[in-house]
Number of protein chains: 2
Amino acid sequence: MSTTPAPLPPGSTIGILGGGQLGRMLAVAATKLGFHVHIYCPDEKSPAAEVARDFTRAGYDDDAALEKFAASVDVVTYEFENVPASAAEAVARTGTPLRPGARALEVSQDRLTEKKFLKGLGIDTAPFMPVASEAALGLAVEVAGIPAILKTRRFGYDGKGQAVIHDEDEVADAYAALKGAPAIMEGFVPFEREISVIAARGLDGIMMAYDPAENVHRDGILRTSTVPAGISGETRDRATDIACDILTALDYVGVIGVEFFVEKSGHLRVNEMAPRVHNSGHWTVEACHVSQFEQHIRAIAGWPLADPTRHSDCLMENLIGNDVDGWQRIGGERDCYLTLYGKKEARDGRKMGHVTRLKPRA
Amino acid sequence: MSTTPAPLPPGSTIGILGGGQLGRMLAVAATKLGFHVHIYCPDEKSPAAEVARDFTRAGYDDDAALEKFAASVDVVTYEFENVPASAAEAVARTGTPLRPGARALEVSQDRLTEKKFLKGLGIDTAPFMPVASEAALGLAVEVAGIPAILKTRRFGYDGKGQAVIHDEDEVADAYAALKGAPAIMEGFVPFEREISVIAARGLDGIMMAYDPAENVHRDGILRTSTVPAGISGETRDRATDIACDILTALDYVGVIGVEFFVEKSGHLRVNEMAPRVHNSGHWTVEACHVSQFEQHIRAIAGWPLADPTRHSDCLMENLIGNDVDGWQRIGGERDCYLTLYGKKEARDGRKMGHVTRLKPRA
């Protein structure tokens, strides 16, 4: 008979693979519960390391550094899905638990594996086909129709590694641009809106979900999340059920972000999933009593999940690149809460912070 | 004509004198607004340094270290009132602003100076007399009546440096226990309840106050703060006005905590004031959209103050010494939010964390 392990006591150390803003907000949440935090990342300047007690600067391919890191902490988690399988194996060798587990990484870091996994659960996605040659791409575009989206199978984020094919003449160039990277062709879904569900599963198998957010992307980058989303109660419940089906199938521990296309009929297709806290859940810091960050720390530490009820309606807006120059105006606005990530250079397309605007729950 | 200096931009560094839990919660709030944090404190293990980018471990009498610290940051603040005058002078020599200023420290770190300052503003306190000899103490007790409270003028906190005189026979022993420390005798105030006001003043002179909390102390240590306090609207307004009078008189920048005795008639006497964020304001993290910690950082950075409106009623309970062993039960309670300070040893009387329980605003 399997029993749930005892919760990690305060004073334990949480190890986080990745040192960006998600790691930073996780570190703050972990510290509030009395945990110590150890960040592992290859970059010298890390928004997360700045607020963590310990920092290992090393690459994700440095097995010796990874093993030393994992052996020094009580649980390992991650803030991005492109953790290599070899890194997960290095953690496993130390006996320190990795939460969520290696299977969640395997599924979510390859678009083809992810789509097949979802299909296996009876969950709809965009139509997809693996693309192994220019001829295969041409055929795929012919079958699925125009426009179609060509995506690398791995290492895509914020719209990187994607190209829209508007015309059959573009097939050759699009295929060449891949430079041999394994790819997938996705048919276009005529969606009415995009939503995401931030859900969590505890070590005891109990699941909780925040209300879905309605998301607007531009140039492949999330711009705004609005809660509540403009969907029916039925659609909300189905989206939540799908997120829970995914969590259960992966025997998942922690917070997951699942993005959906909502068609005019209300039909849902999963766009993608991220085995981590998610940009479209940042509003939970201000609009809920327990944020997605504390919820994730609770889950991976084996603590009971907290009530994800939202006390306010809200609009979360990302500050991309030079948007951050508006800090002074935003900092003086009423009912408007600013979070900045401590990054020095406001490069184009770089997420520098976000702002959450609250209004009373309708 | 004086003009308000420009607000400190994100990416600036906030220097904090003191490395305890108040510094820790200030550091987290500063980081959220994109500031870097530099902690200065003599202790190797510092709850605040754990979440700050920079840490100087040195004594408050080390002028060279203080000057180097102050020169490396954009503004200096403090999380405790016993910063020596010489340390404030060392900061001043570098030209880096100290907020709140040296006058706030001078007034609040000596009980006699504080009482005289309040008297000068027409604010009532407990009756008091300086005690310079055993004979003077005997006379003071005779005039003020029994019980009376003998307190050292400096370095008292959490009930330390205090003795209650219940009988005139105790005068000699109480005086001897001072070991020559300058002291003050306070007459007993027959109060009905204790409240505190957490207020802030910006660089532009604008002032904002949170709703008063009703506080219960045991053995001189704060146990609980309840909001709203059981006082009339009139009493609330008078307490807030007194806090603002103090802020104005000190040309104060930052958050202040002012503790009051409330007599049965509603009459208010200031018990003491702390030129910093205050334990009886920890509930603002969960029950308000902007906490006392962010409010303090906003003030000292020259940002506009935020709306201190409370969205929920609440009860904040300190976890003292072994109370912290209840983390598992508390962590599983609904509408109950835990904050732990990352201290290893749960010594008697040591503040290890706190818990805030919310309920809808009545």
# chains A, B, ... in the order shown; residues from 1 in each chain; ligands from 1

call {"tool": "residues_around", "arguments": {"residues": "stretch 345-356 of chain A", "least_positions_apart": "6", "cutoff": "8 Å", "atoms": "only C-alpha atoms", "output": "MDAnalysis selection string"}}
result
chainID A and resid 221 283 286 314:322 324 330 336:339

call {"tool": "interface_residues", "arguments": {"of": "chain B", "to": "chain A", "cutoff": "7 Å", "atoms": "only C-alpha atoms", "output": "ChimeraX atom specification"}}
result
/B:11,28,32-35,50-53,304,332,338-342

call {"tool": "write_last_selection", "arguments": {"atoms": "C-alpha atoms", "output": "short mmCIF file (atom, residue, chain, number, x, y, z; two decimals), in the first residue's frame"}}
result
data_model
loop_
_atom_site.label_atom_id
_atom_site.label_comp_id
_atom_site.auth_asym_id
_atom_site.auth_seq_id
_atom_site.Cartn_x
_atom_site.Cartn_y
_atom_site.Cartn_z
CA GLY B 11 17.08 48.93 -10.74
CA VAL B 28 10.65 41.03 -0.73
CA LYS B 32 8.66 43.13 -6.37
CA LEU B 33 9.04 46.75 -7.52
CA GLY B 34 12.28 45.92 -9.33
CA PHE B 35 14.70 47.28 -6.72
CA GLU B 50 18.71 35.36 2.56
CA VAL B 51 16.41 37.20 0.13
CA ALA B 52 18.64 40.18 -0.72
CA ARG B 53 21.16 40.52 -3.51
CA PRO B 304 3.39 57.88 -4.59
CA GLY B 332 -3.91 23.09 6.20
CA LEU B 338 1.23 31.50 7.11
CA THR B 339 4.47 33.48 7.09
CA LEU B 340 7.63 32.00 8.60
CA TYR B 341 10.87 33.88 9.11
CA GLY B 342 13.37 31.11 8.37
#

call {"tool": "closest_residue", "arguments": {"among": "A:Ala229, A:Val277, A:Ala65, A:Val262", "to": "A:Tyr40", "atoms": "only C-alpha atoms"}}
result
A:Ala65

call {"tool": "select_by_dssp", "arguments": {"residues": "stretch 192-311 of chain B", "states": "strand (DSSP E or B)", "output": "number ranges by chain"}}
result
B: 192-201, 207-209, 213-218, 221-227, 254-263, 268-274, 288, 310

call {"tool": "residues_around", "arguments": {"residues": "A:Ala362", "least_positions_apart": "3", "cutoff": "10 Å", "atoms": "only C-alpha atoms", "output": "PyMOL selection string"}}
result
chain A and resi 228+312-313+359

call {"tool": "residues_around", "arguments": {"residues": "B:Leu150", "least_positions_apart": "3", "cutoff": "7 Å", "atoms": "only C-alpha atoms", "output": "PDB file with all heavy atoms, in the first residue's frame"}}
result
ATOM      1  N   GLN B 162      12.020  46.179  31.360  1.00  0.00           N
ATOM      2  CA  GLN B 162      10.876  46.734  32.089  1.00  0.00           C
ATOM      3  C   GLN B 162      10.649  45.966  33.388  1.00  0.00           C
ATOM      4  O   GLN B 162      10.878  44.763  33.446  1.00  0.00           O
ATOM      5  CB  GLN B 162       9.584  46.611  31.265  1.00  0.00           C
ATOM      6  CG  GLN B 162       9.652  47.284  29.918  1.00  0.00           C
ATOM      7  CD  GLN B 162       8.288  47.417  29.269  1.00  0.00           C
ATOM      8  OE1 GLN B 162       7.263  47.139  29.893  1.00  0.00           O
ATOM      9  NE2 GLN B 162       8.283  47.859  28.023  1.00  0.00           N
ATOM     10  N   ALA B 163      10.200  46.670  34.417  1.00  0.00           N
ATOM     11  CA  ALA B 163       9.812  46.001  35.664  1.00  0.00           C
ATOM     12  C   ALA B 163       8.596  46.723  36.225  1.00  0.00           C
ATOM     13  O   ALA B 163       8.560  47.948  36.256  1.00  0.00           O
ATOM     14  CB  ALA B 163      10.954  46.046  36.663  1.00  0.00           C
ATOM     15  N   VAL B 164       7.609  45.938  36.666  1.00  0.00           N
ATOM     16  CA  VAL B 164       6.425  46.540  37.280  1.00  0.00           C
ATOM     17  C   VAL B 164       6.655  46.617  38.792  1.00  0.00           C
ATOM     18  O   VAL B 164       7.098  45.635  39.401  1.00  0.00           O
ATOM     19  CB  VAL B 164       5.152  45.717  36.973  1.00  0.00           C
ATOM     20  CG1 VAL B 164       3.933  46.362  37.621  1.00  0.00           C
ATOM     21  CG2 VAL B 164       4.952  45.591  35.469  1.00  0.00           C
ATOM     22  N   ALA B 183      16.799  55.688  33.263  1.00  0.00           N
ATOM     23  CA  ALA B 183      15.473  55.063  33.288  1.00  0.00           C
ATOM     24  C   ALA B 183      14.368  56.107  33.392  1.00  0.00           C
ATOM     25  O   ALA B 183      14.614  57.296  33.589  1.00  0.00           O
ATOM     26  CB  ALA B 183      15.381  54.090  34.465  1.00  0.00           C
ATOM     27  N   ILE B 184      13.175  55.599  33.235  1.00  0.00           N
ATOM     28  CA  ILE B 184      11.990  56.436  33.288  1.00  0.00           C
ATOM     29  C   ILE B 184      10.924  55.648  34.057  1.00  0.00           C
ATOM     30  O   ILE B 184      10.846  54.415  33.946  1.00  0.00           O
ATOM     31  CB  ILE B 184      11.543  56.798  31.847  1.00  0.00           C
ATOM     32  CG1 ILE B 184      10.295  57.669  31.832  1.00  0.00           C
ATOM     33  CG2 ILE B 184      11.363  55.587  30.999  1.00  0.00           C
ATOM     34  CD1 ILE B 184       9.925  58.109  30.391  1.00  0.00           C
ATOM     35  N   MET B 185      10.160  56.353  34.873  1.00  0.00           N
ATOM     36  CA  MET B 185       9.072  55.704  35.587  1.00  0.00           C
ATOM     37  C   MET B 185       7.781  56.114  34.910  1.00  0.00           C
ATOM     38  O   MET B 185       7.556  57.290  34.652  1.00  0.00           O
ATOM     39  CB  MET B 185       9.074  56.180  37.047  1.00  0.00           C
ATOM     40  CG  MET B 185       8.454  55.233  38.051  1.00  0.00           C
ATOM     41  SD  MET B 185       6.661  55.309  38.164  1.00  0.00           S
ATOM     42  CE  MET B 185       6.356  57.065  38.151  1.00  0.00           C
ATOM     43  N   GLU B 186       6.950  55.123  34.570  1.00  0.00           N
ATOM     44  CA  GLU B 186       5.661  55.446  33.955  1.00  0.00           C
ATOM     45  C   GLU B 186       4.530  55.037  34.876  1.00  0.00           C
ATOM     46  O   GLU B 186       4.529  53.925  35.399  1.00  0.00           O
ATOM     47  CB  GLU B 186       5.494  54.709  32.613  1.00  0.00           C
ATOM     48  CG  GLU B 186       6.457  55.187  31.545  1.00  0.00           C
ATOM     49  CD  GLU B 186       6.226  54.499  30.210  1.00  0.00           C
ATOM     50  OE1 GLU B 186       5.177  53.835  30.027  1.00  0.00           O
ATOM     51  OE2 GLU B 186       7.115  54.614  29.350  1.00  0.00           O
TER      52      GLU B 186
END

call {"tool": "residues_around", "arguments": {"residues": "B:Gly202", "least_positions_apart": "4", "cutoff": "9 Å", "atoms": "only C-alpha atoms", "output": "ChimeraX atom specification"}}
result
/B:206-208,252-255,296,298-305

call {"tool": "select_by_dssp", "arguments": {"residues": "stretch 127-337 of chain B", "states": "helix (DSSP H, G or I)", "output": "MDAnalysis selection string"}}
result
chainID B and resid 134:144 168:177 233:249 279:281 284:287 292:300 321:331

call {"tool": "residues_around", "arguments": {"residues": "B:Leu17", "least_positions_apart": "5", "cutoff": "12 Å", "atoms": "only C-alpha atoms", "output": "JSON, numbers by chain"}}
result
{"B": [22, 23, 24, 26, 27, 37, 38, 39, 40, 41, 42, 43, 46, 48, 49, 55, 56, 57, 58, 59, 60, 65, 66, 69, 70, 73, 75, 76, 77, 78, 79, 80, 81, 82, 83, 84, 87, 88, 91, 98, 99, 100, 276]}

call {"tool": "residues_around", "arguments": {"residues": "B:Ile165", "least_positions_apart": "4", "cutoff": "9 Å", "atoms": "only C-alpha atoms", "output": "list in words"}}
result
Val141, Ile146, Pro147, Ala148, Ile149, Leu150, Asp169, Glu170, Val171 and Ala174 of chain B

call {"tool": "write_last_selection", "arguments": {"atoms": "all heavy atoms", "output": "mmCIF file, in the first residue's frame"}}
result
data_model
loop_
_atom_site.group_PDB
_atom_site.id
_atom_site.type_symbol
_atom_site.label_atom_id
_atom_site.label_comp_id
_atom_site.auth_asym_id
_atom_site.auth_seq_id
_atom_site.Cartn_x
_atom_site.Cartn_y
_atom_site.Cartn_z
ATOM 1 N N VAL B 141 7.231 57.081 42.532
ATOM 2 C CA VAL B 141 6.227 56.051 42.816
ATOM 3 C C VAL B 141 5.189 56.611 43.796
ATOM 4 O O VAL B 141 3.986 56.387 43.655
ATOM 5 C CB VAL B 141 6.907 54.771 43.366
ATOM 6 C CG1 VAL B 141 5.867 53.813 43.951
ATOM 7 C CG2 VAL B 141 7.718 54.088 42.273
ATOM 8 N N ILE B 146 0.770 53.309 42.790
ATOM 9 C CA ILE B 146 1.099 51.912 42.481
ATOM 10 C C ILE B 146 -0.046 51.315 41.669
ATOM 11 O O ILE B 146 -1.206 51.630 41.981
ATOM 12 C CB ILE B 146 1.252 51.117 43.806
ATOM 13 C CG1 ILE B 146 2.422 51.631 44.651
ATOM 14 C CG2 ILE B 146 1.335 49.631 43.548
ATOM 15 C CD1 ILE B 146 3.768 51.190 44.227
ATOM 16 N N PRO B 147 0.115 50.432 40.701
ATOM 17 C CA PRO B 147 1.426 50.004 40.184
ATOM 18 C C PRO B 147 2.066 51.059 39.276
ATOM 19 O O PRO B 147 1.349 51.885 38.699
ATOM 20 C CB PRO B 147 1.063 48.752 39.374
ATOM 21 C CG PRO B 147 -0.336 49.013 38.910
ATOM 22 C CD PRO B 147 -0.984 49.802 39.993
ATOM 23 N N ALA B 148 3.379 51.005 39.199
ATOM 24 C CA ALA B 148 4.115 51.882 38.283
ATOM 25 C C ALA B 148 5.087 51.000 37.500
ATOM 26 O O ALA B 148 5.406 49.887 37.932
ATOM 27 C CB ALA B 148 4.871 52.938 39.067
ATOM 28 N N ILE B 149 5.521 51.484 36.359
ATOM 29 C CA ILE B 149 6.397 50.656 35.523
ATOM 30 C C ILE B 149 7.729 51.368 35.332
ATOM 31 O O ILE B 149 7.768 52.529 34.898
ATOM 32 C CB ILE B 149 5.761 50.374 34.151
ATOM 33 C CG1 ILE B 149 4.361 49.799 34.355
ATOM 34 C CG2 ILE B 149 6.607 49.396 33.344
ATOM 35 C CD1 ILE B 149 3.508 49.842 33.118
ATOM 36 N N LEU B 150 8.781 50.686 35.712
ATOM 37 C CA LEU B 150 10.118 51.227 35.550
ATOM 38 C C LEU B 150 10.688 50.685 34.235
ATOM 39 O O LEU B 150 10.680 49.474 33.999
ATOM 40 C CB LEU B 150 10.993 50.778 36.735
ATOM 41 C CG LEU B 150 12.399 51.360 36.790
ATOM 42 C CD1 LEU B 150 12.360 52.874 37.021
ATOM 43 C CD2 LEU B 150 13.210 50.675 37.879
ATOM 44 N N ASP B 169 7.967 48.594 48.685
ATOM 45 C CA ASP B 169 9.127 47.806 49.132
ATOM 46 C C ASP B 169 9.997 47.364 47.965
ATOM 47 O O ASP B 169 11.169 47.005 48.139
ATOM 48 C CB ASP B 169 8.667 46.531 49.868
ATOM 49 C CG ASP B 169 7.958 46.867 51.176
ATOM 50 O OD1 ASP B 169 7.991 48.063 51.554
ATOM 51 O OD2 ASP B 169 7.375 45.951 51.778
ATOM 52 N N GLU B 170 9.419 47.333 46.752
ATOM 53 C CA GLU B 170 10.169 46.813 45.590
ATOM 54 C C GLU B 170 11.062 47.875 44.943
ATOM 55 O O GLU B 170 11.822 47.588 44.036
ATOM 56 C CB GLU B 170 9.184 46.277 44.540
ATOM 57 C CG GLU B 170 8.423 45.032 45.001
ATOM 58 C CD GLU B 170 7.272 44.665 44.043
ATOM 59 O OE1 GLU B 170 7.194 45.263 42.951
ATOM 60 O OE2 GLU B 170 6.476 43.780 44.399
ATOM 61 N N VAL B 171 10.949 49.124 45.410
ATOM 62 C CA VAL B 171 11.673 50.224 44.781
ATOM 63 C C VAL B 171 13.187 49.990 44.758
ATOM 64 O O VAL B 171 13.834 50.126 43.718
ATOM 65 C CB VAL B 171 11.332 51.572 45.476
ATOM 66 C CG1 VAL B 171 12.324 52.662 45.093
ATOM 67 C CG2 VAL B 171 9.914 52.003 45.097
ATOM 68 N N ALA B 174 14.204 47.191 42.325
ATOM 69 C CA ALA B 174 13.959 47.589 40.932
ATOM 70 C C ALA B 174 15.038 48.569 40.475
ATOM 71 O O ALA B 174 15.569 48.451 39.364
ATOM 72 C CB ALA B 174 12.576 48.219 40.791
#

call {"tool": "closest_residue", "arguments": {"among": "A:Ala85, A:Ala172, A:Phe128, A:Asp63", "to": "A:Ser108", "atoms": "only C-alpha atoms"}}
result
A:Ala85

call {"tool": "atom_distance", "arguments": {"atom1": "atom CA of B:Phe155", "atom2": "atom CA of B:His278"}}
result
16.4 Å

call {"tool": "atom_distance", "arguments": {"atom1": "atom CA of B:Ile14", "atom2": "atom CA of B:Glu89"}}
result
17.9 Å
